[in-house]
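K.L.:
Quick one: the structure is below, and I'll ask about it shortly.
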Amino acid sequence: MQKPKNAFKSFFIEVGELSYFAGRFFKEVFSRPFEFRELLRQCYNIGNKSILLVGVTGFIIGLVLTLQTRPTLEEFGAVSWMPSMVSISIIREIGPVIIALTFAGRIASGIGAELGSMKVTEQIDAMEVSGTNPFKFLVVTRILAATLMLPILVIFGDAVALYGSYIIENTKGDVSFVLYFNKVFKALEFSDIFPATIKTFFFGFAIGLVGCFKGYTCNKGTVGVGMAANSAVVYASMLLFVLDFIAVFVTDIFFEI
Amino acid sequence: MNQTENILESSKELQDRKLMLEIVDLRKSFGDNHVLNGFNLELYEGENLVIMGKSGSGKSVMIKCLVGLMPADSGTIKVMGKDITKLNRVELDDTRTDIGFLFQGNALYDSMTVRENLEFPLRRHKAKFGIIEDTTPLVMEALESVGLAHTINLMPSELSGGMQKRIALARALILKPKIILYDEPTSGLDPITSKEIIELMRRVQKQYKTSSLIITHDVDCARVVSERMILLVDGTNYAEGTFAELASSEEEQVKAFFK
């Protein structure tokens, strides 16, 4: 087991290396040649891989949140506030964070394992020797794809979650689709949607970055691949909460939530 | 003619040929572990040079330094007169088109088909063959040279170990390199497949007129393909000569390689 002092030191070394890796991403992302075709392929892969999971997660969030909140609101005679309460909590916080965590579990581990196994089987070296920049081809495209895809998935997941909530309201309270969503859109403001959407870009970037970093710097053979996949999820999830705190803090300054 | 005269004669013959690769005083350490301690090498046009050494003697580190996958601590590495330690990324990539690399574990891209594996090096270096839109003829030519044209649409996981090695060789040949580096070409293969690969290496060398640097600890492979050999011990050139000269050496450490 690592001594606390060594663990502290290795944590800062890791943060330094991750920052350097992020710096390299920003350097490479704007330089030619651009790998558009690979970026599109990664967007399709990442989006397609996650859409069902995000849909199911969103739907269950909507159902559960409504089911659990309804008795309390009923007690206070405030059931008519249900669409507003559910929509604000889903759009602002629950949707982005839970969907991003699901996405991290699926994508960060997938990227970590894929790049890790490419590293230990010398496929990354083979790309380098063939004159292709593997960082640009493998890392830049995956980080960009994760950054672009997560906001779209969160919007989709939020919509499905609201639909799940509507189904409960319709079953238990006989609320129509139009009435429910009228109330939802009345309750939502620019300051709810805009910051929540912006932070999902950062979440996507963090998930892609950590997954690629863990995979690309993987060593120790096949054991290292497992470790890369595992630690990619752990680090990405931790980073999500840190970023969420910062996002809420900054939103509070600008929009006084 | 005695042995010394033989060596002088063959060394004079070699020096008449063009120098393809030159490594002078190459050093590389990992912390306190000095892997390469002043290694030297010269590879001439059309030559098959074998480097033999025990595991951990620095063979793979040397070959990685040679293609710029690993920076050397000091020393000169010249590929066809260009010092690769002083090249920028673009120049290094251009120089790499003249070098084919057969990795020990084949390093085929397992998410791509055989065709995509072979097309991959062409993405950046198509210009080497003029303006071409359809890469199929180049892919087919490389696959036919290793006798596996029918595998073009298969995935690497659908191929046997020997077939994967041949596809990896086809990928190394696709840019028509002048030099091919083989890292343990017969490791992990059964004796019959090893023989086939060795035969293929010889055939490819004749067809493409390449110079080959072969890293191996397979004595049979060295005997069949080598024109000249270097024994690498503790990161330095321990002994040099033809297979016959080294195999008949009385020195214990040299004899140990051929037991």
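Residue names in the structure tokens use chain letters A, B, ... in the order shown, residue numbers from 1 in each chain, and ligand numbers from 1 in the order shown.
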Only residues of chain A matter here; which ones have an atom within 6 Å of chain B, counting only C-alpha atoms? Give them as an NGL selection string.

P.N.:
:A and (121-123 or 130-131)

K.L.:
Let's have the selection written as a compact mmCIF listing (two decimals), in the first residue's frame, with all heavy atoms.

P.N.:
```
# COMPACT_ATOMS: atom_id res chain seq x y z
N THR A 121 -0.43 -3.54 -27.49
CA THR A 121 -0.18 -4.41 -28.65
C THR A 121 0.58 -3.67 -29.76
O THR A 121 0.62 -4.13 -30.90
CB THR A 121 -1.49 -5.00 -29.23
OG1 THR A 121 -2.37 -3.90 -29.53
CG2 THR A 121 -2.18 -5.94 -28.26
N GLU A 122 1.14 -2.55 -29.43
CA GLU A 122 2.00 -1.75 -30.33
C GLU A 122 1.28 -1.17 -31.54
O GLU A 122 1.91 -0.73 -32.49
CB GLU A 122 3.21 -2.59 -30.81
CG GLU A 122 4.16 -2.98 -29.69
CD GLU A 122 5.35 -3.80 -30.19
OE1 GLU A 122 5.10 -4.76 -30.93
OE2 GLU A 122 6.49 -3.46 -29.85
N GLN A 123 -0.07 -1.16 -31.49
CA GLN A 123 -0.80 -0.60 -32.64
C GLN A 123 -0.58 0.91 -32.75
O GLN A 123 -0.56 1.46 -33.85
CB GLN A 123 -2.30 -0.89 -32.50
CG GLN A 123 -2.65 -2.36 -32.67
CD GLN A 123 -4.13 -2.62 -32.44
OE1 GLN A 123 -4.98 -1.99 -33.02
NE2 GLN A 123 -4.44 -3.58 -31.59
N SER A 130 3.91 4.49 -39.39
CA SER A 130 3.36 4.64 -40.74
C SER A 130 3.16 6.11 -41.12
O SER A 130 2.62 6.41 -42.18
CB SER A 130 2.04 3.88 -40.86
OG SER A 130 1.03 4.56 -40.16
N GLY A 131 3.59 7.01 -40.26
CA GLY A 131 3.56 8.43 -40.61
C GLY A 131 2.25 9.13 -40.26
O GLY A 131 2.02 10.25 -40.69
```

K.L.:
Considering only C-alpha atoms, return as a JSON list (two decimals) with N, CA, C and O atoms, in the first residue's frame whatever protein or nucleic-acid residues lie within 8 Å of Pro151 (chain A), sequence-local ones (same chain, fewer than 3 positions apart) excluded.

P.N.:
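Written file, out-v8.json:
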```json
[["chain", "number", "residue", "atom", "x", "y", "z"],
["A", 147, "THR", "N", -17.11, 15.40, -26.47],
["A", 147, "THR", "CA", -17.53, 16.77, -26.14],
["A", 147, "THR", "C", -18.80, 17.16, -26.91],
["A", 147, "THR", "O", -19.68, 17.82, -26.37],
["A", 148, "LEU", "N", -18.86, 16.75, -28.18],
["A", 148, "LEU", "CA", -20.01, 17.13, -28.99],
["A", 148, "LEU", "C", -21.23, 16.25, -28.75],
["A", 148, "LEU", "O", -22.37, 16.71, -28.86],
["A", 154, "VAL", "N", -27.67, 14.47, -23.57],
["A", 154, "VAL", "CA", -28.33, 15.01, -22.37],
["A", 154, "VAL", "C", -29.68, 15.62, -22.75],
["A", 154, "VAL", "O", -30.69, 15.40, -22.06],
["A", 155, "ILE", "N", -29.72, 16.36, -23.86],
["A", 155, "ILE", "CA", -30.99, 16.95, -24.31],
["A", 155, "ILE", "C", -32.00, 15.82, -24.57],
["A", 155, "ILE", "O", -33.15, 15.87, -24.14],
["A", 197, "THR", "N", -26.74, 23.32, -20.32],
["A", 197, "THR", "CA", -26.25, 22.77, -21.60],
["A", 197, "THR", "C", -24.76, 23.02, -21.74],
["A", 197, "THR", "O", -24.01, 22.13, -22.18],
["A", 198, "ILE", "N", -24.32, 24.21, -21.36],
["A", 198, "ILE", "CA", -22.90, 24.54, -21.48],
["A", 198, "ILE", "C", -22.05, 23.58, -20.64],
["A", 198, "ILE", "O", -21.02, 23.09, -21.07],
["A", 200, "THR", "N", -22.54, 20.59, -19.94],
["A", 200, "THR", "CA", -22.42, 19.23, -20.50],
["A", 200, "THR", "C", -21.28, 19.15, -21.53],
["A", 200, "THR", "O", -20.71, 18.08, -21.73],
["A", 201, "PHE", "N", -20.95, 20.26, -22.18],
["A", 201, "PHE", "CA", -19.78, 20.26, -23.08],
["A", 201, "PHE", "C", -18.52, 19.97, -22.26],
["A", 201, "PHE", "O", -17.67, 19.19, -22.65],
["A", 204, "GLY", "N", -18.49, 16.34, -21.17],
["A", 204, "GLY", "CA", -18.10, 15.48, -22.31],
["A", 204, "GLY", "C", -16.60, 15.54, -22.54],
["A", 204, "GLY", "O", -15.93, 14.52, -22.75]]
```

K.L.:
Find, counting only C-alpha atoms, the residue in A:Phe203, A:Val184, A:Phe135, A:Leu67 that gets nearest to Ser31 (chain A).

P.N.:
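For Ser31 (chain A), the nearest of the given residues is A:Phe135.
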
K.L.:
Report as a PyMOL selection string all protein, DNA and RNA residues lying within 7 Å of region 149-162 of chain B, evaluated on only C-alpha atoms, omitting residues in the same chain fewer than 2 positions from it.

P.N.:
chain B and resi 108+110+112-115+140+143-144+147+164-166+189+193

K.L.:
Could you please take those selected residues and save all heavy atoms as a short mmCIF file (atom, residue, chain, number, x, y, z; two decimals), in the first residue's frame?

P.N.:
```
data_model
loop_
_atom_site.label_atom_id
_atom_site.label_comp_id
_atom_site.auth_asym_id
_atom_site.auth_seq_id
_atom_site.Cartn_x
_atom_site.Cartn_y
_atom_site.Cartn_z
N LEU B 108 -1.36 -5.39 -35.91
CA LEU B 108 -2.43 -5.10 -36.88
C LEU B 108 -3.55 -4.36 -36.15
O LEU B 108 -3.82 -4.66 -34.99
CB LEU B 108 -2.98 -6.40 -37.48
CG LEU B 108 -2.03 -7.15 -38.40
CD1 LEU B 108 -2.64 -8.49 -38.81
CD2 LEU B 108 -1.67 -6.35 -39.64
N ASP B 110 -6.84 -4.00 -34.92
CA ASP B 110 -7.86 -5.04 -34.82
C ASP B 110 -9.29 -4.56 -35.05
O ASP B 110 -10.19 -5.38 -35.19
CB ASP B 110 -7.74 -5.84 -33.51
CG ASP B 110 -7.55 -4.94 -32.31
OD1 ASP B 110 -7.92 -3.76 -32.42
OD2 ASP B 110 -7.04 -5.42 -31.27
N MET B 112 -9.97 -2.81 -37.71
CA MET B 112 -10.04 -2.55 -39.15
C MET B 112 -9.89 -3.86 -39.92
O MET B 112 -9.26 -4.80 -39.44
CB MET B 112 -8.89 -1.62 -39.58
CG MET B 112 -8.90 -0.27 -38.94
SD MET B 112 -7.53 0.71 -39.59
CE MET B 112 -7.47 2.03 -38.40
N THR B 113 -10.44 -3.88 -41.15
CA THR B 113 -10.27 -5.06 -42.01
C THR B 113 -8.83 -5.09 -42.53
O THR B 113 -8.08 -4.12 -42.37
CB THR B 113 -11.22 -5.01 -43.22
OG1 THR B 113 -10.87 -3.86 -43.99
CG2 THR B 113 -12.67 -4.94 -42.80
N VAL B 114 -8.50 -6.19 -43.21
CA VAL B 114 -7.16 -6.31 -43.80
C VAL B 114 -6.93 -5.17 -44.79
O VAL B 114 -5.88 -4.53 -44.80
CB VAL B 114 -7.01 -7.69 -44.48
CG1 VAL B 114 -5.79 -7.73 -45.38
CG2 VAL B 114 -6.95 -8.79 -43.43
N ARG B 115 -7.95 -4.89 -45.61
CA ARG B 115 -7.82 -3.80 -46.59
C ARG B 115 -7.53 -2.47 -45.88
O ARG B 115 -6.60 -1.74 -46.25
CB ARG B 115 -9.11 -3.66 -47.41
CG ARG B 115 -9.10 -2.43 -48.32
CD ARG B 115 -10.51 -2.10 -48.77
NE ARG B 115 -10.91 -2.93 -49.88
CZ ARG B 115 -10.64 -2.65 -51.17
NH1 ARG B 115 -9.99 -1.56 -51.48
NH2 ARG B 115 -11.04 -3.44 -52.13
N MET B 140 -3.78 -4.81 -53.38
CA MET B 140 -3.76 -6.16 -53.95
C MET B 140 -2.33 -6.62 -54.25
O MET B 140 -1.98 -7.77 -54.02
CB MET B 140 -4.60 -6.22 -55.24
CG MET B 140 -6.09 -6.18 -55.00
SD MET B 140 -6.66 -7.41 -53.81
CE MET B 140 -6.44 -8.90 -54.73
N LEU B 143 -0.77 -7.63 -51.03
CA LEU B 143 -1.37 -8.89 -50.52
C LEU B 143 -0.93 -10.08 -51.37
O LEU B 143 -0.67 -11.17 -50.85
CB LEU B 143 -2.89 -8.79 -50.51
CG LEU B 143 -3.52 -8.00 -49.36
CD1 LEU B 143 -5.02 -7.91 -49.53
CD2 LEU B 143 -3.20 -8.64 -48.01
N GLU B 144 -0.86 -9.87 -52.68
CA GLU B 144 -0.42 -10.97 -53.56
C GLU B 144 1.02 -11.35 -53.28
O GLU B 144 1.38 -12.53 -53.35
CB GLU B 144 -0.61 -10.58 -55.03
CG GLU B 144 -2.02 -10.86 -55.51
CD GLU B 144 -2.40 -10.10 -56.76
OE1 GLU B 144 -1.51 -9.49 -57.39
OE2 GLU B 144 -3.61 -10.09 -57.09
N GLY B 147 0.87 -13.70 -50.70
CA GLY B 147 0.00 -14.84 -51.01
C GLY B 147 -1.31 -14.85 -50.25
O GLY B 147 -1.86 -15.93 -49.99
N GLN B 164 -1.48 -13.54 -39.95
CA GLN B 164 -1.38 -12.18 -39.42
C GLN B 164 0.02 -11.62 -39.66
O GLN B 164 0.20 -10.45 -39.98
CB GLN B 164 -1.69 -12.18 -37.92
CG GLN B 164 -3.15 -12.38 -37.62
CD GLN B 164 -3.48 -12.23 -36.14
OE1 GLN B 164 -2.68 -11.76 -35.36
NE2 GLN B 164 -4.66 -12.65 -35.76
N LYS B 165 1.02 -12.49 -39.48
CA LYS B 165 2.41 -12.04 -39.69
C LYS B 165 2.61 -11.63 -41.15
O LYS B 165 3.25 -10.62 -41.45
CB LYS B 165 3.35 -13.21 -39.32
CG LYS B 165 4.82 -12.89 -39.28
CD LYS B 165 5.21 -11.95 -38.17
CE LYS B 165 5.38 -12.63 -36.84
NZ LYS B 165 5.75 -11.69 -35.78
N ARG B 166 2.01 -12.41 -42.07
CA ARG B 166 2.17 -12.10 -43.49
C ARG B 166 1.42 -10.81 -43.86
O ARG B 166 1.90 -10.02 -44.67
CB ARG B 166 1.68 -13.28 -44.34
CG ARG B 166 2.72 -14.39 -44.35
CD ARG B 166 2.11 -15.76 -44.49
NE ARG B 166 1.66 -16.02 -45.84
CZ ARG B 166 1.06 -17.15 -46.20
NH1 ARG B 166 0.85 -18.10 -45.31
NH2 ARG B 166 0.69 -17.35 -47.43
N LEU B 189 5.74 -18.45 -33.48
CA LEU B 189 5.21 -19.25 -34.58
C LEU B 189 5.74 -20.68 -34.49
O LEU B 189 6.84 -20.90 -33.99
CB LEU B 189 5.64 -18.64 -35.93
CG LEU B 189 5.16 -17.21 -36.22
CD1 LEU B 189 5.76 -16.73 -37.53
CD2 LEU B 189 3.64 -17.15 -36.29
N THR B 193 5.50 -22.77 -39.83
CA THR B 193 5.13 -21.39 -40.19
C THR B 193 6.36 -20.49 -40.18
O THR B 193 6.50 -19.60 -41.02
CB THR B 193 4.05 -20.86 -39.22
OG1 THR B 193 3.07 -21.87 -39.03
CG2 THR B 193 3.39 -19.62 -39.74
#
```

K.L.:
I want to know what sits within 9 Å of Ser165 (chain A), based on only C-alpha atoms, with residues of the same chain fewer than 3 positions away left out; could you give that as a list of chain:residue names?

P.N.:
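Result of the neighbour search: A:Phe59, A:Ile60, A:Ile61, A:Gly62, A:Leu63, A:Val64, A:Leu65, A:Thr66, A:Leu67, A:Met82, A:Pro83, A:Val86, A:Ser87, A:Val160, A:Ala161, A:Leu162, A:Ile168, A:Glu169, A:Asn170.
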
K.L.:
Tell me, which residues of region 27-192 of chain A carry DSSP alpha helix (DSSP H), written as a VMD selection string?

P.N.:
chain A and resid 27 to 29 36 to 75 82 to 89 95 to 103 109 to 120 123 to 129 134 141 to 173 177 to 187 190 to 192

K.L.:
Would you list the contacts of Gly53 (chain B) as a JSON list (two decimals) with all heavy atoms, in the first residue's frame, taking every protein, DNA or RNA residue within 8 Å and counting only C-alpha atoms, but skipping same-chain residues closer than 3 positions in sequence?

P.N.:
```json
[["chain", "number", "residue", "atom", "x", "y", "z"],
["B", 57, "SER", "N", 18.84, -7.35, -23.98],
["B", 57, "SER", "CA", 20.16, -6.86, -24.40],
["B", 57, "SER", "C", 20.07, -5.52, -25.12],
["B", 57, "SER", "O", 21.09, -4.93, -25.46],
["B", 57, "SER", "CB", 20.85, -7.90, -25.29],
["B", 57, "SER", "OG", 20.04, -8.16, -26.41],
["B", 58, "GLY", "N", 18.84, -5.05, -25.38],
["B", 58, "GLY", "CA", 18.69, -3.72, -25.98],
["B", 58, "GLY", "C", 18.29, -3.73, -27.45],
["B", 58, "GLY", "O", 18.29, -2.69, -28.10],
["B", 59, "LYS", "N", 17.94, -4.91, -27.98],
["B", 59, "LYS", "CA", 17.60, -5.00, -29.41],
["B", 59, "LYS", "C", 16.36, -4.16, -29.75],
["B", 59, "LYS", "O", 16.37, -3.38, -30.69],
["B", 59, "LYS", "CB", 17.30, -6.47, -29.81],
["B", 59, "LYS", "CG", 18.38, -7.46, -29.48],
["B", 59, "LYS", "CD", 18.05, -8.84, -29.99],
["B", 59, "LYS", "CE", 16.78, -9.47, -29.45],
["B", 59, "LYS", "NZ", 16.84, -9.95, -28.08],
["B", 216, "THR", "N", 16.53, -10.97, -34.11],
["B", 216, "THR", "CA", 16.00, -12.30, -33.81],
["B", 216, "THR", "C", 16.87, -13.02, -32.79],
["B", 216, "THR", "O", 18.03, -12.64, -32.57],
["B", 216, "THR", "CB", 15.90, -13.14, -35.10],
["B", 216, "THR", "OG1", 15.24, -14.37, -34.81],
["B", 216, "THR", "CG2", 17.25, -13.44, -35.72],
["B", 217, "HIS", "N", 16.29, -14.03, -32.13],
["B", 217, "HIS", "CA", 17.16, -14.94, -31.41],
["B", 217, "HIS", "C", 16.95, -16.36, -31.93],
["B", 217, "HIS", "O", 17.34, -17.33, -31.31],
["B", 217, "HIS", "CB", 16.96, -14.83, -29.89],
["B", 217, "HIS", "CG", 15.56, -15.00, -29.43],
["B", 217, "HIS", "ND1", 14.86, -13.98, -28.86],
["B", 217, "HIS", "CD2", 14.73, -16.04, -29.50],
["B", 217, "HIS", "CE1", 13.63, -14.40, -28.58],
["B", 217, "HIS", "NE2", 13.54, -15.66, -28.95],
["B", 231, "LEU", "N", 26.34, -9.55, -32.89],
["B", 231, "LEU", "CA", 25.86, -10.06, -31.60],
["B", 231, "LEU", "C", 25.86, -8.90, -30.61],
["B", 231, "LEU", "O", 26.89, -8.23, -30.42],
["B", 231, "LEU", "CB", 26.76, -11.19, -31.09],
["B", 231, "LEU", "CG", 26.81, -12.45, -31.95],
["B", 231, "LEU", "CD1", 27.60, -13.55, -31.22],
["B", 231, "LEU", "CD2", 25.43, -12.97, -32.27],
["B", 232, "LEU", "N", 24.71, -8.68, -30.04],
["B", 232, "LEU", "CA", 24.53, -7.56, -29.11],
["B", 232, "LEU", "C", 24.56, -8.09, -27.68],
["B", 232, "LEU", "O", 23.73, -8.92, -27.30],
["B", 232, "LEU", "CB", 23.18, -6.88, -29.43],
["B", 232, "LEU", "CG", 22.79, -5.64, -28.68],
["B", 232, "LEU", "CD1", 23.76, -4.51, -28.94],
["B", 232, "LEU", "CD2", 21.39, -5.19, -29.12],
["B", 233, "VAL", "N", 25.55, -7.63, -26.95],
["B", 233, "VAL", "CA", 25.65, -8.04, -25.53],
["B", 233, "VAL", "C", 25.82, -6.79, -24.68],
["B", 233, "VAL", "O", 26.70, -5.96, -24.97],
["B", 233, "VAL", "CB", 26.84, -9.01, -25.32],
["B", 233, "VAL", "CG1", 26.98, -9.38, -23.84],
["B", 233, "VAL", "CG2", 26.68, -10.27, -26.15],
["B", 257, "PHE", "N", 25.21, -18.44, -28.11],
["B", 257, "PHE", "CA", 24.10, -18.06, -28.98],
["B", 257, "PHE", "C", 23.69, -19.20, -29.93],
["B", 257, "PHE", "O", 22.56, -19.25, -30.38],
["B", 257, "PHE", "CB", 24.50, -16.85, -29.85],
["B", 257, "PHE", "CG", 24.42, -15.55, -29.12],
["B", 257, "PHE", "CD1", 25.54, -15.01, -28.51],
["B", 257, "PHE", "CD2", 23.23, -14.87, -29.04],
["B", 257, "PHE", "CE1", 25.47, -13.81, -27.84],
["B", 257, "PHE", "CE2", 23.14, -13.65, -28.37],
["B", 257, "PHE", "CZ", 24.28, -13.12, -27.76]]
```

K.L.:
Find the residues near Leu138 (chain A): any atom within 10 Å, counting only C-alpha atoms, skip ones fewer than 5 places away on the same chain, and give them as a PyMOL selection string.

P.N.:
chain A and resi 35+38-39+42+111+115+124+127+133+143+212+216

K.L.:
Could you tell me which of A:Lys186, A:Lys119, A:Arg142, A:Lys9 comes closest to Cys43 (chain A) if we count only C-alpha atoms?

P.N.:
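Closest residue, counting only C-alpha atoms: A:Arg142.
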
K.L.:
Neighbours of Ile180 (chain B) within 12 Å (only C-alpha atoms; same-chain residues fewer than 4 positions away dropped), as a ChimeraX atom specification?

P.N.:
/A:129 /B:20-21,43,45-50,63,66-67,79,96-103,168-176,185,201-202,204-205,208-215

K.L.:
Please compute the CA of Lys5 (chain A)-CA of Gly23 (chain A) distance, one decimal, in Å.

P.N.:
27.2 Å

K.L.:
To one decimal in Å, tell me the separation between CA of Val219 (chain B) and CA of Ala247 (chain B).

P.N.:
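About the pair CA of Val219 (chain B) and CA of Ala247 (chain B): they are 9.7 Å apart.
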